[in-house]
file upload-v4.cif (mmCIF, C-alpha atoms)
data_upload
loop_
_atom_site.label_atom_id
_atom_site.label_comp_id
_atom_site.auth_asym_id
_atom_site.auth_seq_id
_atom_site.Cartn_x
_atom_site.Cartn_y
_atom_site.Cartn_z
CA MET F 1 89.97 -70.50 -102.49
CA ALA F 2 92.53 -70.87 -99.69
CA LYS F 3 92.53 -73.78 -97.28
CA ASN F 4 90.75 -73.21 -93.99
CA LEU F 5 93.48 -74.26 -91.59
CA ARG F 6 91.78 -72.54 -88.66
CA LEU F 7 88.83 -74.86 -88.97
CA LYS F 8 91.15 -77.83 -89.08
CA ALA F 9 93.05 -76.59 -86.02
CA ALA F 10 89.85 -75.93 -84.06
CA ARG F 11 88.61 -79.40 -84.90
CA ALA F 12 91.89 -80.96 -83.84
CA ALA F 13 91.85 -78.93 -80.60
CA LYS F 14 88.52 -80.47 -79.70
CA ASP F 15 89.85 -83.89 -80.70
CA MET F 16 87.13 -84.35 -83.27
CA SER F 17 87.43 -86.05 -86.63
CA GLN F 18 85.83 -84.73 -89.81
CA LYS F 19 83.23 -87.45 -89.40
CA ASP F 20 82.41 -86.32 -85.85
CA VAL F 21 81.91 -82.72 -86.95
CA ALA F 22 79.90 -83.80 -89.97
CA GLU F 23 77.56 -85.91 -87.87
CA ALA F 24 77.14 -83.15 -85.30
CA VAL F 25 76.29 -80.62 -87.98
CA GLY F 26 74.23 -82.94 -90.18
CA VAL F 27 76.28 -82.93 -93.36
CA THR F 28 78.52 -85.47 -95.06
CA ARG F 29 82.17 -85.91 -94.15
CA GLN F 30 83.05 -84.94 -97.70
CA THR F 31 81.41 -81.54 -97.17
CA ILE F 32 83.55 -80.79 -94.11
CA ASN F 33 86.62 -81.98 -96.03
CA ALA F 34 85.74 -79.70 -98.96
CA ILE F 35 85.34 -76.71 -96.61
CA GLU F 36 88.70 -77.38 -94.97
CA ASN F 37 90.40 -77.72 -98.35
CA GLY F 38 88.77 -74.57 -99.66
CA ASP F 39 86.89 -76.45 -102.37
CA TYR F 40 83.45 -75.43 -101.12
CA ASN F 41 82.12 -72.12 -99.84
CA PRO F 42 79.57 -72.95 -97.11
CA SER F 43 76.39 -71.00 -96.41
CA ILE F 44 76.18 -68.78 -93.34
CA LYS F 45 73.80 -71.31 -91.78
CA LEU F 46 76.35 -74.08 -92.07
CA CYS F 47 79.16 -71.79 -90.85
CA ILE F 48 77.18 -70.98 -87.71
CA ALA F 49 76.42 -74.66 -87.11
CA ILE F 50 80.11 -75.54 -87.38
CA CYS F 51 81.07 -72.66 -85.07
CA LYS F 52 78.62 -73.85 -82.43
CA VAL F 53 79.92 -77.39 -82.58
CA LEU F 54 83.54 -76.22 -82.25
CA ASP F 55 82.78 -73.48 -79.68
CA LYS F 56 84.27 -70.75 -81.87
CA SER F 57 82.98 -67.54 -83.38
CA LEU F 58 82.50 -66.88 -87.07
CA ASP F 59 85.43 -64.47 -86.98
CA GLN F 60 87.72 -67.07 -85.48
CA LEU F 61 86.94 -69.69 -88.10
CA PHE F 62 85.82 -68.02 -91.26
CA TRP F 63 86.92 -64.36 -91.36
CA GLU F 64 89.66 -63.98 -93.94
CA ASP F 65 92.16 -61.43 -92.71
CA GLU F 66 94.16 -59.67 -95.44
CA ASN F 67 97.42 -60.44 -93.66
CA ALA F 68 96.51 -64.00 -92.75
CA THR F 69 97.69 -66.82 -94.98
CA GLY F 70 95.31 -69.52 -93.83
CA MET P 71 71.68 -75.73 -85.28
CA GLN P 72 71.56 -78.89 -87.36
CA GLN P 73 71.00 -79.32 -91.06
CA ASP P 74 67.95 -81.17 -92.27
CA ARG P 75 68.81 -84.81 -91.67
CA ARG P 76 66.11 -86.08 -93.98
CA GLY P 77 67.51 -84.46 -97.10
CA LEU P 78 70.77 -83.82 -98.88
CA ASP P 79 73.18 -81.32 -97.42
CA GLU P 80 73.87 -78.04 -99.20
CA MET P 81 76.99 -79.16 -101.03
CA GLN P 82 75.23 -82.27 -102.29
CA ARG P 83 72.32 -80.14 -103.52
CA ALA P 84 74.68 -77.74 -105.27
CA TYR P 85 76.50 -80.63 -106.94
CA ARG P 86 73.23 -82.18 -108.09
CA ASP P 87 72.11 -78.86 -109.57
CA LYS P 88 75.39 -78.50 -111.43
CA VAL P 89 75.35 -82.06 -112.81
CA GLY P 90 71.66 -81.76 -113.68
CA ASN P 91 72.25 -78.59 -115.68
CA GLN P 92 75.15 -80.17 -117.56
CA CYS P 93 73.14 -83.31 -118.34
CA PHE P 94 70.21 -81.20 -119.56
CA ILE P 95 72.48 -79.33 -121.98
CA LEU P 96 74.00 -82.65 -123.10
CA LEU P 97 70.49 -84.03 -123.66
CA ALA P 98 69.50 -81.05 -125.77
CA TYR P 99 72.65 -81.29 -127.92
CA LEU P 100 72.30 -85.06 -128.40
CA LEU P 101 68.61 -84.74 -129.39
CA MET P 102 69.48 -82.03 -131.91
CA LEU P 103 72.35 -84.14 -133.25
CA ASN P 104 70.01 -87.11 -133.55
CA ALA P 105 67.44 -85.02 -135.39
CA GLY P 106 70.17 -83.74 -137.72
CA LEU P 107 71.42 -87.25 -138.44
CA TYR P 108 67.86 -88.41 -139.05
CA GLY P 109 67.44 -85.57 -141.56
CA PHE P 110 70.57 -86.74 -143.40
CA GLY P 111 69.21 -90.28 -143.51
CA VAL P 112 71.43 -91.76 -140.80
CA ARG P 113 69.37 -94.11 -138.62
CA TRP P 114 71.50 -95.72 -135.92
CA ILE P 115 68.32 -96.97 -134.17
CA GLU P 116 64.73 -96.53 -135.29
CA TYR P 117 63.08 -93.24 -134.29
CA PRO P 118 61.30 -93.78 -130.95
CA ALA P 119 64.07 -95.94 -129.58
CA SER P 120 66.80 -93.45 -130.50
CA VAL P 121 65.18 -90.71 -128.42
CA MET P 122 64.66 -93.11 -125.54
CA ALA P 123 68.26 -94.26 -125.76
CA ILE P 124 69.51 -90.66 -125.58
CA LEU P 125 67.23 -89.98 -122.62
CA MET P 126 68.46 -93.09 -120.83
CA LEU P 127 72.09 -92.26 -121.60
CA CYS P 128 71.75 -88.82 -120.04
CA LEU P 129 69.91 -90.29 -117.06
CA TRP P 130 72.69 -92.81 -116.56
CA ILE P 131 75.37 -90.16 -116.79
CA TYR P 132 73.47 -88.08 -114.24
CA LEU P 133 73.04 -91.01 -111.85
CA LEU P 134 76.63 -92.20 -112.15
CA ARG P 135 78.03 -88.72 -111.63
CA ILE P 136 75.93 -87.96 -108.55
CA ILE P 137 76.73 -91.38 -107.08
CA ALA P 138 80.44 -90.83 -107.76
CA GLY P 139 80.20 -87.32 -106.32
CA ASN P 140 78.59 -88.61 -103.12
CA ALA P 141 75.41 -86.66 -103.81
CA TYR P 142 73.02 -89.59 -104.18
CA PHE P 143 72.40 -90.54 -100.58
CA PRO P 144 71.68 -87.94 -97.87
CA PRO P 145 74.01 -87.59 -94.87
CA ALA P 146 71.75 -89.67 -92.64
CA SER P 147 72.32 -92.74 -94.79
CA GLN P 148 76.12 -92.49 -94.84
CA ARG P 149 76.42 -95.15 -92.18
CA THR P 150 74.41 -97.75 -94.06
CA LYS P 151 75.93 -100.48 -96.13
CA VAL P 152 75.74 -98.42 -99.29
CA ARG P 153 78.74 -100.16 -100.81
CA SER P 154 77.17 -103.57 -100.33
CA VAL P 155 73.92 -102.44 -101.91
CA LEU P 156 75.70 -100.89 -104.87
CA THR P 157 77.82 -104.01 -105.30
CA VAL P 158 74.69 -106.13 -105.55
CA VAL P 159 73.15 -103.69 -108.04
CA ILE P 160 76.25 -103.72 -110.21
CA ALA P 161 76.40 -107.52 -110.07
CA ILE P 162 72.77 -107.86 -111.16
CA ALA P 163 73.15 -105.28 -113.92
CA ALA P 164 76.31 -106.96 -115.17
CA SER P 165 74.55 -110.34 -115.12
CA ILE P 166 71.69 -109.02 -117.26
CA ILE P 167 74.10 -107.62 -119.80
CA LEU P 168 76.26 -110.76 -119.78
CA VAL P 169 73.30 -113.11 -120.26
CA THR P 170 71.94 -110.96 -123.09
CA VAL P 171 75.28 -110.85 -124.86
CA LEU P 172 75.82 -114.60 -124.42
CA ALA P 173 72.33 -115.36 -125.70
CA ASN P 174 72.84 -113.07 -128.66
CA THR P 175 76.12 -114.71 -129.61
CA GLY P 176 74.58 -118.19 -129.43
CA ILE P 177 76.65 -119.42 -126.48
CA LEU P 178 73.56 -119.75 -124.30
CA PRO P 179 70.83 -121.97 -125.76
CA LEU P 180 67.53 -120.22 -126.49
CA ALA P 181 64.06 -121.71 -126.71
CA GLN P 182 63.33 -123.16 -130.12
CA GLY P 183 61.86 -120.73 -132.59
CA TYR P 184 62.96 -117.74 -130.56
CA SER P 185 65.56 -115.38 -131.94
CA LEU P 186 67.28 -112.66 -130.03
CA GLY P 187 68.55 -109.57 -131.79
CA TRP P 188 69.71 -106.08 -131.06
CA ASP P 189 66.41 -104.52 -132.01
CA SER P 190 64.84 -101.50 -130.38
CA ALA P 191 62.62 -103.44 -128.01
CA LEU P 192 65.46 -105.52 -126.64
CA PHE P 193 67.67 -102.47 -126.28
CA LEU P 194 65.00 -100.64 -124.31
CA LEU P 195 64.28 -103.75 -122.25
CA ILE P 196 67.88 -104.00 -121.13
CA MET P 197 68.17 -100.31 -120.34
CA SER P 198 64.89 -100.29 -118.44
CA ALA P 199 65.62 -103.47 -116.52
CA VAL P 200 68.96 -102.19 -115.29
CA ALA P 201 67.51 -98.79 -114.42
CA LEU P 202 64.70 -100.48 -112.52
CA VAL P 203 67.11 -102.59 -110.50
CA ILE P 204 69.16 -99.51 -109.62
CA SER P 205 66.06 -97.58 -108.59
CA LEU P 206 64.72 -100.38 -106.43
CA ALA P 207 68.05 -100.85 -104.72
CA ALA P 208 68.33 -97.13 -104.07
CA LEU P 209 64.85 -97.07 -102.60
CA GLY P 210 65.67 -100.04 -100.41
CA ALA P 211 68.86 -98.43 -99.17
CA LYS P 212 67.04 -95.21 -98.41
CA ALA P 213 64.32 -97.04 -96.50
CA LEU P 214 66.97 -98.90 -94.51
CA ALA P 215 68.75 -95.64 -93.75
CA SER P 216 65.63 -93.85 -92.58
CA ARG P 217 64.74 -96.81 -90.36
CA GLN P 218 68.19 -96.68 -88.74
CA THR P 219 68.00 -92.90 -88.30
CA GLY P 220 64.56 -93.20 -86.76
CA GLY P 221 65.84 -95.76 -84.31
CA GLU P 222 68.74 -93.56 -83.19
CA GLU P 223 66.82 -90.32 -82.68
#

call {"tool": "encode", "arguments": {"input": "upload-v4.cif", "output": "structure tokens"}}
result
Amino acid sequence: MAKNLRLKAARAAKDMSQKDVAEAVGVTRQTINAIENGDYNPSIKLCIAICKVLDKSLDQLFWEDENATG
Amino acid sequence: MQQDRRGLDEMQRAYRDKVGNQCFILLAYLLMLNAGLYGFGVRWIEYPASVMAILMLCLWIYLLRIIAGNAYFPPASQRTKVRSVLTVVIAIAASIILVTVLANTGILPLAQGYSLGWDSALFLLIMSAVALVISLAALGAKALASRQTGGEE
């Protein structure tokens, strides 16, 4: 699975660390790290929670465009 | 929308399921291997203890893997002094093993008329004692974590 660089960028734009996002969402920091690295495929519930914390839509963070690399 | 703070998060649950399945298969294979060896007359430990030892081995592998994979404590307890608790547990477990080995080799003096050997009862005693210490420490850490979480919310 490819790395989710958009999630990383959105998190950096809000000046939040992985730990901050993890605490806001209610998961471990390792889970956020695994999602960013493409090691874990999150459920739709977790995706929505992350989107709300980062003020983004599901499309913006998790939709994999055929032409997109990240 | 927040995840359930009282329990494990979804990745931790998935990892536990995966490790649990693997340990169950390992347990089944080891029990069959033990039964096969027993049929050929190989008795590495007497019958009830051998099954218990295999059970404990699989339990230990399961516990160590989920602890190493960060799937033992739920997210709410990540801020607690988990490392300190685990350090104490490891120190106590190591002490038990060290004392037993020293007593068995005759370095530590034993009470007169008492002999210590690697028999089934002693083997199970050591395994159980260490497992008990780990369980109690884990329970203590969890209680501490839930108290802290309750105070923050």

call {"tool": "closest_atom_pairs", "arguments": {"input": "upload-v4.cif", "of": "chain F", "to": "chain P", "cutoff": "12 Å", "atoms": "only C-alpha atoms", "output": "Markdown table"}}
result
| residue | atom | partner | partner_atom | distance |
| --- | --- | --- | --- | --- |
| F:Lys19 | CA | P:Gln148 | CA | 10.3 |
| F:Val21 | CA | P:Gln72 | CA | 11.0 |
| F:Ala22 | CA | P:Pro145 | CA | 8.5 |
| F:Glu23 | CA | P:Pro145 | CA | 8.0 |
| F:Ala24 | CA | P:Gln72 | CA | 7.3 |
| F:Val25 | CA | P:Gln72 | CA | 5.1 |
| F:Gly26 | CA | P:Gln73 | CA | 4.9 |
| F:Val27 | CA | P:Asp79 | CA | 5.4 |
| F:Thr28 | CA | P:Pro145 | CA | 5.0 |
| F:Arg29 | CA | P:Pro145 | CA | 8.4 |
| F:Gln30 | CA | P:Asn140 | CA | 7.9 |
| F:Thr31 | CA | P:Met81 | CA | 6.3 |
| F:Ile32 | CA | P:Met81 | CA | 9.7 |
| F:Asn33 | CA | P:Met81 | CA | 11.2 |
| F:Ala34 | CA | P:Met81 | CA | 9.0 |
| F:Ile35 | CA | P:Met81 | CA | 9.8 |
| F:Asp39 | CA | P:Met81 | CA | 10.4 |
| F:Tyr40 | CA | P:Met81 | CA | 7.5 |
| F:Asn41 | CA | P:Met81 | CA | 8.8 |
| F:Pro42 | CA | P:Met81 | CA | 7.8 |
| F:Ser43 | CA | P:Glu80 | CA | 8.0 |
| F:Ile44 | CA | P:Glu80 | CA | 11.2 |
| F:Lys45 | CA | P:Met71 | CA | 8.1 |
| F:Leu46 | CA | P:Gln73 | CA | 7.6 |
| F:Cys47 | CA | P:Met71 | CA | 10.1 |
| F:Ile48 | CA | P:Met71 | CA | 7.7 |
| F:Ala49 | CA | P:Met71 | CA | 5.2 |
| F:Ile50 | CA | P:Met71 | CA | 8.7 |
| F:Cys51 | CA | P:Met71 | CA | 9.9 |
| F:Lys52 | CA | P:Met71 | CA | 7.7 |
| F:Val53 | CA | P:Met71 | CA | 8.8 |

call {"tool": "residues_around", "arguments": {"input": "upload-v4.cif", "residues": "F:Lys8", "least_positions_apart": "3", "cutoff": "10 Å", "atoms": "all atoms listed in the file", "output": "PyMOL selection string"}}
result
chain F and resi 3-5+11-13+16-18+32-33+35-37+61

call {"tool": "closest_residue", "arguments": {"input": "upload-v4.cif", "among": "P:Val158, P:Ile131, P:Ala164, P:Leu101", "to": "P:Ala199", "atoms": "only C-alpha atoms"}}
result
P:Ala164

call {"tool": "atom_distance", "arguments": {"input": "upload-v4.cif", "atom1": "atom CA of P:Cys93", "atom2": "atom CA of P:Leu125"}}
result
9.9 Å

call {"tool": "atom_distance", "arguments": {"input": "upload-v4.cif", "atom1": "atom CA of P:Ile167", "atom2": "atom CA of P:Ala138"}}
result
21.6 Å

call {"tool": "atom_distance", "arguments": {"input": "upload-v4.cif", "atom1": "atom CA of P:Gly106", "atom2": "atom CA of P:Pro118"}}
result
15.0 Å

call {"tool": "closest_residue", "arguments": {"input": "upload-v4.cif", "among": "P:Ile115, P:Leu127, P:Leu172, P:Val159", "to": "P:Val200", "atoms": "only C-alpha atoms"}}
result
P:Val159

call {"tool": "decode", "arguments": {"input": "upload-v4.cif", "residues": "stretch 88-120 of chain P", "atoms": "N, CA, C and O atoms", "output": "mmCIF file, in the first residue's frame"}}
result
data_model
loop_
_atom_site.group_PDB
_atom_site.id
_atom_site.type_symbol
_atom_site.label_atom_id
_atom_site.label_comp_id
_atom_site.auth_asym_id
_atom_site.auth_seq_id
_atom_site.Cartn_x
_atom_site.Cartn_y
_atom_site.Cartn_z
ATOM 1 N N LYS P 88 -4.722 -11.438 14.819
ATOM 2 C CA LYS P 88 -3.732 -12.119 13.978
ATOM 3 C C LYS P 88 -2.775 -12.961 14.832
ATOM 4 O O LYS P 88 -2.552 -14.149 14.546
ATOM 5 N N VAL P 89 -2.249 -12.345 15.901
ATOM 6 C CA VAL P 89 -1.304 -13.062 16.766
ATOM 7 C C VAL P 89 -2.004 -14.223 17.464
ATOM 8 O O VAL P 89 -1.443 -15.320 17.603
ATOM 9 N N GLY P 90 -3.247 -13.995 17.896
ATOM 10 C CA GLY P 90 -4.010 -15.059 18.558
ATOM 11 C C GLY P 90 -4.222 -16.258 17.649
ATOM 12 O O GLY P 90 -4.064 -17.405 18.085
ATOM 13 N N ASN P 91 -4.552 -16.001 16.390
ATOM 14 C CA ASN P 91 -4.744 -17.105 15.441
ATOM 15 C C ASN P 91 -3.443 -17.888 15.246
ATOM 16 O O ASN P 91 -3.449 -19.118 15.226
ATOM 17 N N GLN P 92 -2.341 -17.147 15.096
ATOM 18 C CA GLN P 92 -1.058 -17.817 14.883
ATOM 19 C C GLN P 92 -0.668 -18.660 16.099
ATOM 20 O O GLN P 92 -0.171 -19.788 15.951
ATOM 21 N N CYS P 93 -0.909 -18.111 17.302
ATOM 22 C CA CYS P 93 -0.552 -18.852 18.516
ATOM 23 C C CYS P 93 -1.445 -20.083 18.684
ATOM 24 O O CYS P 93 -1.002 -21.113 19.192
ATOM 25 N N PHE P 94 -2.701 -19.982 18.268
ATOM 26 C CA PHE P 94 -3.594 -21.128 18.355
ATOM 27 C C PHE P 94 -3.120 -22.258 17.441
ATOM 28 O O PHE P 94 -3.089 -23.430 17.836
ATOM 29 N N ILE P 95 -2.705 -21.897 16.227
ATOM 30 C CA ILE P 95 -2.187 -22.909 15.294
ATOM 31 C C ILE P 95 -0.903 -23.530 15.857
ATOM 32 O O ILE P 95 -0.704 -24.748 15.820
ATOM 33 N N LEU P 96 -0.033 -22.660 16.416
ATOM 34 C CA LEU P 96 1.211 -23.152 17.026
ATOM 35 C C LEU P 96 0.900 -24.122 18.162
ATOM 36 O O LEU P 96 1.528 -25.185 18.282
ATOM 37 N N LEU P 97 -0.088 -23.759 18.986
ATOM 38 C CA LEU P 97 -0.493 -24.615 20.106
ATOM 39 C C LEU P 97 -0.954 -25.985 19.608
ATOM 40 O O LEU P 97 -0.546 -27.020 20.139
ATOM 41 N N ALA P 98 -1.774 -25.971 18.578
ATOM 42 C CA ALA P 98 -2.291 -27.231 18.037
ATOM 43 C C ALA P 98 -1.146 -28.102 17.518
ATOM 44 O O ALA P 98 -1.088 -29.306 17.810
ATOM 45 N N TYR P 99 -0.212 -27.494 16.763
ATOM 46 C CA TYR P 99 0.909 -28.263 16.220
ATOM 47 C C TYR P 99 1.794 -28.822 17.338
ATOM 48 O O TYR P 99 2.227 -29.978 17.282
ATOM 49 N N LEU P 100 2.069 -27.980 18.360
ATOM 50 C CA LEU P 100 2.942 -28.438 19.447
ATOM 51 C C LEU P 100 2.286 -29.567 20.241
ATOM 52 O O LEU P 100 2.957 -30.525 20.645
ATOM 53 N N LEU P 101 0.972 -29.472 20.468
ATOM 54 C CA LEU P 101 0.270 -30.541 21.201
ATOM 55 C C LEU P 101 0.299 -31.846 20.390
ATOM 56 O O LEU P 101 0.491 -32.928 20.960
ATOM 57 N N MET P 102 0.116 -31.729 19.084
ATOM 58 C CA MET P 102 0.165 -32.936 18.246
ATOM 59 C C MET P 102 1.572 -33.523 18.235
ATOM 60 O O MET P 102 1.753 -34.743 18.300
ATOM 61 N N LEU P 103 2.581 -32.631 18.173
ATOM 62 C CA LEU P 103 3.973 -33.094 18.197
ATOM 63 C C LEU P 103 4.270 -33.794 19.518
ATOM 64 O O LEU P 103 4.926 -34.855 19.555
ATOM 65 N N ASN P 104 3.773 -33.209 20.607
ATOM 66 C CA ASN P 104 3.978 -33.794 21.930
ATOM 67 C C ASN P 104 3.325 -35.170 22.021
ATOM 68 O O ASN P 104 3.920 -36.121 22.550
ATOM 69 N N ALA P 105 2.108 -35.260 21.491
ATOM 70 C CA ALA P 105 1.410 -36.550 21.511
ATOM 71 C C ALA P 105 2.167 -37.583 20.675
ATOM 72 O O ALA P 105 2.288 -38.751 21.074
ATOM 73 N N GLY P 106 2.700 -37.137 19.534
ATOM 74 C CA GLY P 106 3.473 -38.045 18.683
ATOM 75 C C GLY P 106 4.733 -38.527 19.377
ATOM 76 O O GLY P 106 5.053 -39.721 19.362
ATOM 77 N N LEU P 107 5.442 -37.593 20.031
ATOM 78 C CA LEU P 107 6.653 -37.964 20.758
ATOM 79 C C LEU P 107 6.326 -38.928 21.888
ATOM 80 O O LEU P 107 7.069 -39.882 22.142
ATOM 81 N N TYR P 108 5.218 -38.649 22.563
ATOM 82 C CA TYR P 108 4.795 -39.520 23.681
ATOM 83 C C TYR P 108 4.539 -40.938 23.161
ATOM 84 O O TYR P 108 4.909 -41.926 23.798
ATOM 85 N N GLY P 109 3.920 -41.022 21.962
ATOM 86 C CA GLY P 109 3.644 -42.325 21.362
ATOM 87 C C GLY P 109 4.919 -43.081 21.015
ATOM 88 O O GLY P 109 4.954 -44.320 21.070
ATOM 89 N N PHE P 110 5.983 -42.339 20.676
ATOM 90 C CA PHE P 110 7.262 -42.977 20.355
ATOM 91 C C PHE P 110 8.108 -43.223 21.609
ATOM 92 O O PHE P 110 9.244 -43.663 21.503
ATOM 93 N N GLY P 111 7.567 -42.858 22.754
ATOM 94 C CA GLY P 111 8.280 -43.124 24.000
ATOM 95 C C GLY P 111 9.197 -42.017 24.465
ATOM 96 O O GLY P 111 9.945 -42.175 25.421
ATOM 97 N N VAL P 112 9.140 -40.861 23.774
ATOM 98 C CA VAL P 112 9.970 -39.725 24.201
ATOM 99 C C VAL P 112 9.189 -38.920 25.232
ATOM 100 O O VAL P 112 8.105 -38.411 24.941
ATOM 101 N N ARG P 113 9.735 -38.811 26.442
ATOM 102 C CA ARG P 113 9.063 -38.054 27.498
ATOM 103 C C ARG P 113 10.012 -36.974 28.017
ATOM 104 O O ARG P 113 10.844 -37.235 28.882
ATOM 105 N N TRP P 114 9.869 -35.778 27.454
ATOM 106 C CA TRP P 114 10.759 -34.681 27.857
ATOM 107 C C TRP P 114 10.344 -34.122 29.221
ATOM 108 O O TRP P 114 11.177 -33.681 29.989
ATOM 109 N N ILE P 115 9.032 -34.127 29.519
ATOM 110 C CA ILE P 115 8.512 -33.877 30.868
ATOM 111 C C ILE P 115 7.333 -34.827 31.011
ATOM 112 O O ILE P 115 6.720 -35.206 30.012
ATOM 113 N N GLU P 116 7.005 -35.171 32.243
ATOM 114 C CA GLU P 116 5.881 -36.089 32.446
ATOM 115 C C GLU P 116 4.577 -35.496 31.920
ATOM 116 O O GLU P 116 4.423 -34.275 31.861
ATOM 117 N N TYR P 117 3.617 -36.351 31.606
ATOM 118 C CA TYR P 117 2.437 -35.999 30.814
ATOM 119 C C TYR P 117 1.682 -34.708 31.194
ATOM 120 O O TYR P 117 1.607 -33.828 30.349
ATOM 121 N N PRO P 118 1.170 -34.561 32.414
ATOM 122 C CA PRO P 118 0.350 -33.330 32.591
ATOM 123 C C PRO P 118 1.178 -32.065 32.453
ATOM 124 O O PRO P 118 0.718 -31.066 31.926
ATOM 125 N N ALA P 119 2.413 -32.143 32.930
ATOM 126 C CA ALA P 119 3.267 -30.955 32.899
ATOM 127 C C ALA P 119 3.650 -30.579 31.475
ATOM 128 O O ALA P 119 3.802 -29.392 31.167
ATOM 129 N N SER P 120 3.801 -31.551 30.602
ATOM 130 C CA SER P 120 4.203 -31.242 29.229
ATOM 131 C C SER P 120 3.121 -30.435 28.508
ATOM 132 O O SER P 120 3.419 -29.479 27.797
#
